[in-house]
>>> print(open('input21.txt').read())   # compact mmCIF, C-alpha atoms and all ligand atoms
# COMPACT_ATOMS: atom_id res chain seq x y z
CA MET A 9 0.00 0.00 0.00
CA PRO A 10 1.34 3.45 -0.83
CA LYS A 11 1.95 5.90 1.98
CA ALA A 12 -0.84 8.43 2.44
CA GLN A 13 1.34 11.33 1.26
CA LEU A 14 1.97 9.53 -2.07
CA GLU A 15 -1.57 8.30 -2.72
CA TYR A 16 -2.18 11.10 -5.23
CA ILE A 17 0.44 9.51 -7.48
CA SER A 18 -1.38 6.18 -7.48
CA SER A 19 -4.65 7.88 -8.36
CA GLU A 20 -2.98 9.81 -11.22
CA LEU A 21 -1.71 6.48 -12.57
CA GLN A 22 -5.16 4.97 -12.22
CA LYS A 23 -6.54 7.84 -14.32
CA LEU A 24 -4.03 7.08 -17.07
CA ARG A 25 -5.13 3.44 -17.05
CA GLU A 26 -8.80 4.42 -17.30
CA GLN A 27 -8.06 6.74 -20.24
CA GLY A 28 -6.16 3.99 -22.10
CA LEU A 29 -2.98 6.09 -21.87
CA TYR A 30 -1.02 3.89 -19.48
CA GLN A 31 2.15 2.64 -21.11
CA LYS A 32 4.27 -0.32 -20.13
CA LEU A 33 7.96 -0.16 -20.93
CA ARG A 34 8.88 -2.45 -23.77
CA ILE A 35 11.98 -4.48 -22.98
CA LEU A 36 14.58 -4.92 -25.72
CA GLN A 37 16.15 -8.35 -25.47
CA GLY A 38 19.41 -8.23 -27.37
CA GLU A 39 20.72 -5.63 -29.76
CA GLN A 40 18.94 -2.60 -31.23
CA LEU A 41 18.45 -4.00 -34.75
CA PRO A 42 15.99 -3.43 -37.65
CA VAL A 43 14.35 -6.71 -36.65
CA ALA A 44 14.67 -7.00 -32.89
CA HIS A 45 13.25 -8.87 -29.92
CA PHE A 46 11.05 -6.91 -27.53
CA ASP A 47 9.01 -8.55 -24.76
CA GLY A 48 9.70 -12.00 -26.17
CA ARG A 49 8.43 -11.17 -29.66
CA GLU A 50 10.37 -10.68 -32.88
CA VAL A 51 9.26 -7.44 -34.52
CA ILE A 52 10.20 -5.17 -37.40
CA ASN A 53 11.56 -2.26 -35.43
CA LEU A 54 10.26 1.15 -36.55
CA SER A 55 10.77 2.82 -33.19
CA SER A 56 14.48 3.43 -32.71
CA ASN A 57 16.48 6.55 -33.57
CA ASN A 58 19.29 4.30 -34.73
CA TYR A 59 19.18 5.91 -38.20
CA LEU A 60 22.40 4.47 -39.55
CA GLY A 61 22.51 1.23 -37.59
CA LEU A 62 25.59 2.40 -35.69
CA THR A 63 24.50 1.04 -32.27
CA THR A 64 25.89 -2.33 -33.36
CA HIS A 65 28.49 -1.38 -35.97
CA PRO A 66 31.55 -3.67 -35.64
CA LYS A 67 34.06 -0.82 -36.06
CA LEU A 68 32.43 1.15 -33.26
CA LYS A 69 32.25 -1.83 -30.93
CA GLN A 70 35.93 -2.49 -31.55
CA ARG A 71 36.90 1.09 -30.73
CA ALA A 72 34.85 1.02 -27.53
CA LEU A 73 36.56 -2.19 -26.41
CA GLU A 74 40.01 -0.80 -27.17
CA ALA A 75 39.23 2.33 -25.17
CA ILE A 76 38.11 0.26 -22.18
CA GLU A 77 41.33 -1.77 -22.31
CA LYS A 78 43.47 1.35 -22.55
CA PHE A 79 41.60 3.89 -20.41
CA GLY A 80 39.19 1.99 -18.15
CA VAL A 81 35.43 2.19 -17.84
CA GLY A 82 34.91 5.64 -16.32
CA SER A 83 36.35 9.14 -16.35
CA GLY A 84 36.18 9.55 -12.59
CA ALA A 85 35.36 13.27 -12.41
CA VAL A 86 33.55 16.18 -13.99
CA ARG A 87 35.23 17.84 -16.95
CA THR A 88 36.29 20.93 -15.00
CA ILE A 89 38.11 19.02 -12.25
CA ALA A 90 39.92 15.86 -13.36
CA GLY A 91 37.51 14.34 -15.90
CA THR A 92 38.75 15.78 -19.20
CA MET A 93 40.51 13.00 -21.09
CA THR A 94 42.44 13.25 -24.36
CA LEU A 95 39.58 11.35 -26.02
CA HIS A 96 37.07 14.03 -25.01
CA MET A 97 39.19 16.74 -26.61
CA GLN A 98 39.72 14.65 -29.75
CA LEU A 99 36.00 14.06 -30.08
CA GLU A 100 35.23 17.78 -29.73
CA GLU A 101 37.83 18.70 -32.34
CA LYS A 102 36.40 16.09 -34.69
CA ILE A 103 32.86 17.42 -34.22
CA ALA A 104 33.95 21.03 -34.81
CA GLN A 105 35.73 20.01 -37.99
CA PHE A 106 32.80 17.89 -39.19
CA LYS A 107 30.32 20.71 -38.58
CA ASN A 108 32.65 23.36 -40.02
CA VAL A 109 32.60 25.53 -36.87
CA GLU A 110 35.24 27.06 -34.61
CA ALA A 111 34.66 24.89 -31.56
CA ALA A 112 32.43 22.28 -29.95
CA VAL A 113 31.80 20.97 -26.45
CA VAL A 114 30.28 17.62 -25.51
CA PHE A 115 27.67 17.33 -22.75
CA GLN A 116 26.23 14.15 -21.24
CA SER A 117 23.19 14.11 -23.53
CA GLY A 118 21.35 16.14 -26.13
CA PHE A 119 18.91 17.02 -23.39
CA THR A 120 21.55 18.51 -21.12
CA ALA A 121 23.22 20.23 -24.08
CA ASN A 122 20.03 22.15 -24.90
CA ALA A 123 18.94 22.84 -21.35
CA GLY A 124 22.46 23.71 -20.19
CA ALA A 125 23.33 25.96 -23.12
CA VAL A 126 20.12 28.02 -23.08
CA GLN A 127 20.31 28.45 -19.31
CA ALA A 128 23.96 29.54 -19.47
CA LEU A 129 23.67 31.97 -22.38
CA ILE A 130 20.34 33.66 -21.65
CA GLY A 131 19.12 35.48 -18.54
CA PRO A 132 16.00 36.95 -16.93
CA GLU A 133 16.18 40.26 -18.86
CA ASP A 134 16.17 38.45 -22.22
CA VAL A 135 13.49 37.16 -24.60
CA ILE A 136 13.38 33.72 -26.21
CA ILE A 137 11.39 33.26 -29.41
CA SER A 138 10.68 29.55 -29.80
CA ASP A 139 8.77 27.30 -32.23
CA GLU A 140 5.80 25.80 -30.38
CA LEU A 141 6.91 22.26 -31.25
CA ASN A 142 10.48 22.61 -29.99
CA HIS A 143 11.82 19.72 -27.94
CA ALA A 144 11.20 19.44 -24.19
CA SER A 145 14.89 20.01 -23.45
CA ILE A 146 14.71 23.44 -25.12
CA ILE A 147 11.57 24.26 -23.18
CA ASP A 148 13.27 23.30 -19.91
CA GLY A 149 16.35 25.36 -20.79
CA CYS A 150 14.11 28.34 -21.53
CA ARG A 151 12.38 27.96 -18.17
CA LEU A 152 15.70 27.63 -16.33
CA SER A 153 16.98 30.82 -17.98
CA LYS A 154 14.03 32.75 -16.46
CA ALA A 155 13.82 34.75 -19.70
CA GLU A 156 10.49 35.82 -21.17
CA ILE A 157 9.36 33.04 -23.53
CA LYS A 158 7.38 33.81 -26.69
CA ARG A 159 6.21 30.84 -28.72
CA PHE A 160 5.32 31.11 -32.41
CA PRO A 161 2.98 28.69 -34.23
CA HIS A 162 4.89 25.77 -35.77
CA LYS A 163 7.12 26.94 -38.67
CA ASP A 164 5.11 30.17 -39.00
CA VAL A 165 7.76 32.68 -40.11
CA GLU A 166 5.30 35.57 -40.40
CA ALA A 167 4.02 35.06 -36.86
CA CYS A 168 7.61 34.86 -35.69
CA GLU A 169 8.41 38.22 -37.30
CA LYS A 170 5.30 39.77 -35.76
CA ILE A 171 6.55 38.73 -32.33
CA LEU A 172 10.02 40.11 -33.05
CA LYS A 173 8.55 43.45 -34.19
CA GLY A 174 6.59 43.73 -30.96
CA ILE A 175 9.52 43.25 -28.60
CA SER A 176 10.44 46.44 -26.77
CA PRO A 177 13.88 47.85 -27.63
CA HIS A 178 14.52 48.10 -23.89
CA LYS A 179 14.49 44.32 -23.55
CA GLY A 180 17.77 42.40 -23.29
CA ARG A 181 19.11 39.91 -25.78
CA LYS A 182 16.90 37.89 -28.10
CA LEU A 183 17.33 34.16 -28.75
CA LEU A 184 15.56 32.67 -31.77
CA ILE A 185 15.47 28.91 -31.37
CA THR A 186 14.15 26.00 -33.43
CA ASP A 187 14.52 22.28 -33.88
CA GLY A 188 16.15 21.38 -37.23
CA VAL A 189 13.97 18.31 -37.77
CA PHE A 190 10.91 18.09 -35.54
CA SER A 191 10.86 14.82 -33.68
CA MET A 192 7.11 14.13 -33.76
CA GLU A 193 6.28 15.53 -37.23
CA GLY A 194 9.42 14.72 -39.20
CA ASP A 195 9.31 18.08 -40.95
CA ILE A 196 12.23 20.50 -41.43
CA ALA A 197 12.49 23.99 -39.93
CA PRO A 198 12.30 26.98 -42.33
CA LEU A 199 15.88 27.78 -41.38
CA PRO A 200 16.78 30.17 -44.26
CA GLN A 201 13.84 32.44 -43.34
CA LEU A 202 14.53 32.22 -39.61
CA VAL A 203 18.19 33.08 -40.18
CA GLU A 204 17.06 36.16 -42.16
CA LEU A 205 14.83 37.22 -39.27
CA ALA A 206 17.62 36.64 -36.74
CA GLY A 207 19.87 38.94 -38.78
CA LYS A 208 17.20 41.60 -39.26
CA TYR A 209 16.21 41.74 -35.58
CA GLY A 210 19.61 41.10 -33.99
CA CYS A 211 18.81 37.69 -32.47
CA ILE A 212 21.16 34.94 -31.42
CA MET A 213 20.17 32.06 -33.75
CA MET A 214 20.17 28.56 -32.27
CA ILE A 215 19.18 25.21 -33.74
CA ASP A 216 18.66 21.80 -32.16
CA ASP A 217 19.75 19.29 -34.77
CA ALA A 218 19.15 16.06 -32.81
CA HIS A 219 17.20 14.36 -35.63
CA ALA A 220 19.18 15.99 -38.45
CA SER A 221 22.71 15.05 -37.44
CA GLY A 222 23.74 11.99 -39.43
CA VAL A 223 20.57 12.41 -41.49
CA LEU A 224 20.42 15.77 -43.37
CA GLY A 225 23.17 17.56 -45.28
CA ARG A 226 26.38 16.23 -46.82
CA ASN A 227 27.40 13.01 -44.98
CA GLY A 228 24.82 13.92 -42.33
CA ARG A 229 26.28 17.31 -41.44
CA GLY A 230 22.85 18.59 -40.43
CA THR A 231 20.29 21.25 -41.25
CA VAL A 232 22.76 24.14 -41.56
CA ASP A 233 24.66 22.21 -44.22
CA HIS A 234 21.41 21.06 -45.88
CA PHE A 235 20.44 24.71 -46.50
CA GLY A 236 24.00 25.96 -47.11
CA LEU A 237 23.87 28.35 -44.15
CA HIS A 238 27.36 27.87 -42.73
CA GLY A 239 28.42 30.75 -40.50
CA ARG A 240 24.88 32.10 -40.10
CA VAL A 241 23.64 30.03 -37.17
CA ASP A 242 25.31 31.04 -33.90
CA ILE A 243 24.69 27.88 -31.92
CA GLN A 244 24.10 24.34 -33.16
CA VAL A 245 23.19 21.55 -30.79
CA GLY A 246 23.41 17.92 -31.83
CA THR A 247 23.08 14.53 -30.21
CA LEU A 248 25.40 11.55 -30.10
CA SER A 249 22.50 9.34 -29.02
CA LYS A 250 20.57 8.98 -32.28
CA ALA A 251 22.33 8.55 -35.66
CA ILE A 252 25.74 8.50 -33.95
CA GLY A 253 24.56 5.44 -32.07
CA ALA A 254 25.95 5.96 -28.55
CA LEU A 255 25.15 8.68 -26.01
CA GLY A 256 25.76 12.39 -25.53
CA GLY A 257 25.06 15.83 -26.88
CA TYR A 258 27.20 18.63 -28.23
CA ILE A 259 27.13 22.35 -28.76
CA CYS A 260 28.90 24.00 -31.70
CA SER A 261 29.67 27.70 -31.74
CA SER A 262 32.52 30.21 -31.56
CA ARG A 263 35.55 29.39 -29.40
CA ASP A 264 34.45 32.05 -26.89
CA VAL A 265 30.95 30.65 -26.49
CA ILE A 266 32.38 27.18 -25.93
CA GLU A 267 34.86 28.44 -23.33
CA PHE A 268 32.06 30.35 -21.62
CA LEU A 269 30.11 27.07 -21.42
CA TYR A 270 33.14 25.48 -19.70
CA HIS A 271 32.52 28.08 -16.96
CA ARG A 272 28.73 28.34 -16.92
CA GLY A 273 27.26 25.16 -18.44
CA ARG A 274 25.83 23.51 -15.36
CA PRO A 275 25.74 19.89 -16.67
CA PHE A 276 29.38 20.34 -17.80
CA LEU A 277 30.39 21.68 -14.38
CA PHE A 278 28.37 19.41 -12.14
CA SER A 279 27.95 16.05 -13.87
CA THR A 280 30.67 13.52 -14.68
CA SER A 281 31.99 13.27 -18.22
CA HIS A 282 31.56 10.35 -20.61
CA PRO A 283 33.33 7.06 -20.06
CA PRO A 284 36.24 6.76 -22.52
CA SER A 285 34.45 3.96 -24.41
CA VAL A 286 31.57 6.30 -25.27
CA ALA A 287 33.89 9.09 -26.42
CA ALA A 288 35.86 6.60 -28.53
CA THR A 289 32.66 5.20 -30.06
CA CYS A 290 31.45 8.66 -31.05
CA LEU A 291 34.80 9.60 -32.51
CA ALA A 292 34.73 6.44 -34.64
CA ALA A 293 31.16 7.23 -35.72
CA PHE A 294 32.11 10.65 -37.11
CA GLU A 295 35.01 9.07 -39.00
CA LEU A 296 32.57 6.52 -40.39
CA LEU A 297 30.18 9.20 -41.68
CA ASP A 298 32.94 10.40 -43.97
CA GLU A 299 34.20 6.92 -44.85
CA GLU A 300 30.81 5.37 -45.60
CA PRO A 301 28.55 7.99 -47.22
CA GLN A 302 26.41 5.14 -48.55
CA LEU A 303 24.88 4.77 -45.07
CA VAL A 304 23.12 8.14 -45.30
CA GLU A 305 22.17 7.43 -48.94
CA LYS A 306 20.60 4.11 -47.95
CA LEU A 307 18.70 5.81 -45.12
CA TRP A 308 17.10 8.20 -47.61
CA GLU A 309 16.43 5.48 -50.15
CA ASN A 310 14.58 3.48 -47.46
CA THR A 311 12.78 6.63 -46.34
CA ARG A 312 11.41 7.27 -49.83
CA PHE A 313 10.38 3.64 -50.26
CA PHE A 314 8.51 3.46 -46.96
CA LYS A 315 6.93 6.91 -47.09
CA GLU A 316 5.62 6.34 -50.61
CA GLY A 317 4.28 2.97 -49.51
CA LEU A 318 2.35 4.54 -46.63
CA GLN A 319 0.95 7.28 -48.83
CA LYS A 320 -0.11 4.82 -51.55
CA LEU A 321 -2.06 2.90 -48.93
CA GLY A 322 -3.87 6.12 -48.07
CA PHE A 323 -2.33 6.87 -44.68
CA ASN A 324 -2.07 10.48 -43.53
CA THR A 325 1.65 11.04 -42.95
CA GLY A 326 1.28 14.68 -41.96
CA ALA A 327 4.00 17.08 -43.04
CA SER A 328 6.88 14.61 -42.81
CA GLU A 329 9.87 15.07 -45.12
CA THR A 330 12.50 12.98 -43.27
CA PRO A 331 12.95 9.37 -42.04
CA ILE A 332 10.50 10.20 -39.21
CA THR A 333 7.04 9.47 -40.62
CA PRO A 334 4.01 9.80 -38.40
CA VAL A 335 0.82 7.94 -39.24
CA MET A 336 -1.88 10.29 -38.00
CA VAL A 337 -4.75 8.73 -36.07
CA GLY A 338 -6.25 11.59 -34.03
CA ASP A 339 -7.60 9.90 -30.92
CA ALA A 340 -4.91 8.94 -28.38
CA ALA A 341 -6.56 5.72 -27.18
CA LEU A 342 -6.96 4.58 -30.81
CA ALA A 343 -3.32 5.40 -31.59
CA HIS A 344 -2.18 3.31 -28.64
CA GLN A 345 -4.50 0.49 -29.71
CA LEU A 346 -3.10 0.59 -33.24
CA SER A 347 0.42 0.44 -31.82
CA ARG A 348 -0.45 -2.52 -29.54
CA GLU A 349 -2.12 -4.51 -32.31
CA LEU A 350 0.71 -3.83 -34.73
CA PHE A 351 3.11 -5.15 -32.13
CA GLN A 352 1.09 -8.35 -31.78
CA ALA A 353 1.29 -8.66 -35.58
CA GLY A 354 5.08 -8.18 -35.61
CA VAL A 355 5.63 -4.45 -36.19
CA PHE A 356 6.88 -2.09 -33.49
CA ALA A 357 5.76 1.51 -34.06
CA GLN A 358 5.28 3.64 -30.96
CA GLY A 359 1.92 5.22 -30.24
CA ILE A 360 2.22 8.88 -29.27
CA GLY A 361 -0.48 11.00 -27.65
CA TYR A 362 -0.92 13.92 -25.28
CA PRO A 363 1.20 15.45 -23.71
CA THR A 364 3.95 14.54 -26.19
CA VAL A 365 1.77 15.83 -29.04
CA PRO A 366 -1.29 18.10 -28.77
CA SER A 367 -4.61 16.52 -27.82
CA GLY A 368 -6.47 15.21 -30.90
CA ARG A 369 -3.26 14.84 -32.92
CA ALA A 370 -2.27 11.38 -31.69
CA ARG A 371 -0.38 9.13 -34.03
CA ILE A 372 1.99 6.26 -34.34
CA ARG A 373 5.49 7.28 -35.28
CA THR A 374 7.60 5.25 -37.69
CA ILE A 375 11.33 5.67 -38.18
CA VAL A 376 13.19 3.72 -40.83
CA THR A 377 16.93 3.13 -40.69
CA ALA A 378 19.64 2.50 -43.26
CA THR A 379 19.79 -1.13 -42.13
CA HIS A 380 16.19 -2.14 -42.90
CA THR A 381 15.79 -4.25 -46.04
CA HIS A 382 13.06 -3.52 -48.58
CA ALA A 383 11.53 -6.91 -47.75
CA GLN A 384 11.21 -5.92 -44.08
CA LEU A 385 9.71 -2.55 -44.95
CA ALA A 386 7.27 -4.13 -47.43
CA ARG A 387 6.14 -6.57 -44.74
CA ALA A 388 5.68 -3.69 -42.30
CA LEU A 389 3.49 -1.90 -44.87
CA GLU A 390 1.32 -5.01 -45.38
CA THR A 391 0.87 -5.40 -41.64
CA LEU A 392 0.03 -1.72 -41.20
CA GLU A 393 -2.60 -1.97 -43.91
CA ALA A 394 -4.23 -5.06 -42.40
CA VAL A 395 -4.32 -3.76 -38.81
CA ALA A 396 -5.45 -0.25 -39.77
CA LYS A 397 -8.31 -1.69 -41.85
CA LYS A 398 -9.37 -3.87 -38.95
CA LEU A 399 -9.48 -0.79 -36.69
CA ARG A 400 -11.23 1.25 -39.43
CA ILE A 401 -8.41 3.78 -39.59
CA LEU A 402 -8.00 3.09 -43.31
C1 LIG B 501 16.22 13.22 -28.64
C2 LIG B 501 16.23 14.69 -28.70
C3 LIG B 501 17.00 15.43 -27.81
C4 LIG B 501 17.74 14.78 -26.67
O1 LIG B 501 18.85 14.08 -27.08
P1 LIG B 501 19.45 12.95 -26.11
O2 LIG B 501 20.85 12.83 -26.56
O3 LIG B 501 18.63 11.72 -26.29
O4 LIG B 501 19.34 13.49 -24.72
C5 LIG B 501 17.04 16.80 -27.97
N1 LIG B 501 16.34 17.42 -28.95
C6 LIG B 501 15.57 16.73 -29.81
C7 LIG B 501 14.85 17.46 -30.89
C8 LIG B 501 15.49 15.35 -29.71
O5 LIG B 501 14.70 14.67 -30.54
>>> encode(input="input21.txt", output="structure tokens")
Amino acid sequence: MPKAQLEYISSELQKLREQGLYQKLRILQGEQLPVAHFDGREVINLSSNNYLGLTTHPKLKQRALEAIEKFGVGSGAVRTIAGTMTLHMQLEEKIAQFKNVEAAVVFQSGFTANAGAVQALIGPEDVIISDELNHASIIDGCRLSKAEIKRFPHKDVEACEKILKGISPHKGRKLLITDGVFSMEGDIAPLPQLVELAGKYGCIMMIDDAHASGVLGRNGRGTVDHFGLHGRVDIQVGTLSKAIGALGGYICSSRDVIEFLYHRGRPFLFSTSHPPSVAATCLAAFELLDEEPQLVEKLWENTRFFKEGLQKLGFNTGASETPITPVMVGDAALAHQLSRELFQAGVFAQGIGYPTVPSGRARIRTIVTATHTHAQLARALETLEAVAKKLRIL
């Protein structure tokens, strides 16, 4: 029995169950592969962010093992005390070079990179102008900064400019911030227009490229490269946890901004740095992006194949233009039911409802990877068609 002071938690959970929104964790048994075992069932896996299949790449595993042998399993301290290893510096140099920027710093995750950077760079006198669908880690960073937060409707450049026009000249700095690829919609930010606005209104321009790194641009260099906007975005955040296949986040900017984050980035100052194996894995992954450009090409080839398949079947895939393709359902309970029945039929696509997406815009989200075969994707399409017809979604 729960203690009286925690009973409200149990009743909140009970409400979720009654609304059909209660979610059990799926347990992955074995490696994160295009066909994987979850909860004792073999399924075509359309739920990972493992875009390039790097979580299990032999070269990366080898480099992680070598790093463990040579440097041990942990770093033993935060970066600013005794936890900066040669491997961390090498990784940051590699990232800066890859992204064509002056400097980069690695944080423990993409989440801490966003939250930590916004909090460090922006203060209570400032204004943040943010796309309404920006990631939770940006939202938390904005709240931690105590700045005034102004949200513009998703990708609405005109509305964004209207907000900028209305900001009093007596206000402090302005931060214009957007995801590069939106994680629930799979659409791409109107970065060229936002960069114009940032220039016109004197904003710091920041982008969160978690779902674009390793996906968009030459060899997966991201949204800035995709649009040819090098030098015009002040701060780029990326993750090492999705296409890169391991764990971590990074911030790219000028040398001064990066050194300032050494002094004011709270996750950097107060949370232990990556184990050497993780840094070595990520370093190997960036090398691989240049050595094996066919990985990104295959990802896009699979994306086109699967997306066209969904659309031919008559599914509503929203505004997606990347490997993230939502299948819009509307009702959250129905989306979760679709996801559950697909799983029983051998396809794992996560159901997503409120509060992750707005009420009434529930969906299942599919993500293809470079390592899926056409046969697997074709089978996933057949299963989707059958289950959706049964539930009268199609
Ligand atoms: C996943 C994600 C993050 C967080 O990255 P982690 O490395 O998993 O912490 C940040 N922003 C966006 C848009 C994401 O999708």
>>> residues_around(input="input21.txt", residues="Thr381 of chain A", least_positions_apart="4", cutoff="9 Å", atoms="all atoms listed in the file", output="tab-separated table (two decimals) with C-alpha atoms, in the coordinates of the input")
chain	number	residue	atom	x	y	z
A	42	PRO	CA	15.99	-3.43	-37.65
A	310	ASN	CA	14.58	3.48	-47.46
A	385	LEU	CA	9.71	-2.55	-44.95
A	386	ALA	CA	7.27	-4.13	-47.43
>>> atom_distance(input="input21.txt", atom1="atom CA of Leu99 of chain A", atom2="atom CA of Gly84 of chain A")
18.1 Å
>>> residues_near_ligand(input="input21.txt", ligand="ligand LIG 501 (chain B)", cutoff="10 Å", atoms="only C-alpha atoms and all ligand atoms", output="PyMOL selection string")
chain A and resi 57+115-123+141-146+186-192+215-220+245-250+252-258
>>> closest_residue(input="input21.txt", among="A:Val365, A:Arg49, A:Glu140, A:Glu309", to="Phe160 of chain A", atoms="all atoms listed in the file")
A:Glu140
>>> atom_distance(input="input21.txt", atom1="atom CA of Leu68 of chain A", atom2="atom CA of Ala287 of chain A")
10.6 Å
>>> closest_residue(input="input21.txt", among="A:Gln352, A:Ser153, A:Gln345, A:Gln302", to="Arg274 of chain A", atoms="all atoms listed in the file")
A:Ser153
>>> closest_residue(input="input21.txt", among="A:Ala288, A:Leu172, A:Leu24, A:Leu321", to="Met93 of chain A", atoms="all atoms listed in the file")
A:Ala288
>>> residues_around(input="input21.txt", residues="Gln31 of chain A", least_positions_apart="5", cutoff="12 Å", atoms="all atoms listed in the file", output="PyMOL selection string")
chain A and resi 21-22+24-26+340-341+344-345+347-348+358-361
>>> write_last_selection(input="input21.txt", atoms="C-alpha atoms", output="compact mmCIF listing (two decimals), in the frame of the given file")
# COMPACT_ATOMS: atom_id res chain seq x y z
CA LEU A 21 -1.71 6.48 -12.57
CA GLN A 22 -5.16 4.97 -12.22
CA LEU A 24 -4.03 7.08 -17.07
CA ARG A 25 -5.13 3.44 -17.05
CA GLU A 26 -8.80 4.42 -17.30
CA ALA A 340 -4.91 8.94 -28.38
CA ALA A 341 -6.56 5.72 -27.18
CA HIS A 344 -2.18 3.31 -28.64
CA GLN A 345 -4.50 0.49 -29.71
CA SER A 347 0.42 0.44 -31.82
CA ARG A 348 -0.45 -2.52 -29.54
CA GLN A 358 5.28 3.64 -30.96
CA GLY A 359 1.92 5.22 -30.24
CA ILE A 360 2.22 8.88 -29.27
CA GLY A 361 -0.48 11.00 -27.65
>>> closest_residue(input="input21.txt", among="A:Lys11, A:Lys107, A:Arg71, A:Arg373", to="Leu95 of chain A", atoms="only C-alpha atoms")
A:Arg71
>>> closest_residue(input="input21.txt", among="A:Ile196, A:Ile35, A:Ile171, A:Ile266", to="Phe235 of chain A", atoms="only C-alpha atoms")
A:Ile196
>>> residues_around(input="input21.txt", residues="Ile137 of chain A", least_positions_apart="6", cutoff="8 Å", atoms="all atoms listed in the file", output="number ranges by chain")
A: 157-160, 168, 171-172, 182-185
>>> closest_residue(input="input21.txt", among="A:Ser261, A:Asn324, A:Ser83, A:Thr377", to="Glu193 of chain A", atoms="only C-alpha atoms")
A:Asn324
>>> residues_around(input="input21.txt", residues="Gly38 of chain A", least_positions_apart="5", cutoff="12 Å", atoms="all atoms listed in the file", output="ChimeraX atom specification")
/A:43-50,63-64
>>> axis_aligned_box(input="input21.txt", around="segment 284-300 of chain A", padding_each_side="8 Å", output="AutoDock Vina command-line options")
--center_x 33.2 --center_y 7.3 --center_z -34.1 --size_x 22.1 --size_y 22.7 --size_z 39.1
>>> atom_distance(input="input21.txt", atom1="atom CA of Arg151 of chain A", atom2="atom CA of Ile332 of chain A")
27.6 Å
>>> decode(input="input21.txt", residues="segment 108-119 of chain A", atoms="N, CA, C and O atoms", output="short mmCIF file (atom, residue, chain, number, x, y, z; two decimals), in the first residue's frame")
data_model
loop_
_atom_site.label_atom_id
_atom_site.label_comp_id
_atom_site.auth_asym_id
_atom_site.auth_seq_id
_atom_site.Cartn_x
_atom_site.Cartn_y
_atom_site.Cartn_z
N ASN A 108 32.10 22.14 -39.41
CA ASN A 108 32.65 23.36 -40.02
C ASN A 108 32.43 24.58 -39.12
O ASN A 108 31.98 25.63 -39.57
N VAL A 109 32.72 24.43 -37.84
CA VAL A 109 32.60 25.53 -36.87
C VAL A 109 33.91 25.67 -36.09
O VAL A 109 34.78 24.80 -36.15
N GLU A 110 34.01 26.77 -35.35
CA GLU A 110 35.24 27.06 -34.61
C GLU A 110 35.50 26.05 -33.50
O GLU A 110 36.61 25.58 -33.31
N ALA A 111 34.44 25.74 -32.74
CA ALA A 111 34.66 24.89 -31.56
C ALA A 111 33.38 24.15 -31.18
O ALA A 111 32.28 24.53 -31.58
N ALA A 112 33.57 23.07 -30.42
CA ALA A 112 32.43 22.28 -29.95
C ALA A 112 32.72 21.79 -28.55
O ALA A 112 33.89 21.62 -28.16
N VAL A 113 31.65 21.57 -27.78
CA VAL A 113 31.80 20.97 -26.45
C VAL A 113 30.77 19.85 -26.33
O VAL A 113 29.65 19.98 -26.84
N VAL A 114 31.17 18.76 -25.69
CA VAL A 114 30.28 17.62 -25.51
C VAL A 114 29.68 17.65 -24.10
O VAL A 114 30.40 17.85 -23.13
N PHE A 115 28.37 17.49 -24.03
CA PHE A 115 27.67 17.33 -22.75
C PHE A 115 27.20 15.88 -22.64
O PHE A 115 27.33 15.11 -23.58
N GLN A 116 26.59 15.55 -21.50
CA GLN A 116 26.23 14.15 -21.24
C GLN A 116 25.13 13.63 -22.16
O GLN A 116 25.02 12.43 -22.39
N SER A 117 24.29 14.54 -22.64
CA SER A 117 23.19 14.11 -23.53
C SER A 117 22.74 15.31 -24.35
O SER A 117 23.10 16.46 -24.04
N GLY A 118 21.95 15.05 -25.37
CA GLY A 118 21.35 16.14 -26.13
C GLY A 118 20.47 16.98 -25.23
O GLY A 118 20.41 18.21 -25.35
N PHE A 119 19.79 16.32 -24.32
CA PHE A 119 18.91 17.02 -23.39
C PHE A 119 19.68 18.03 -22.56
O PHE A 119 19.32 19.21 -22.47
#
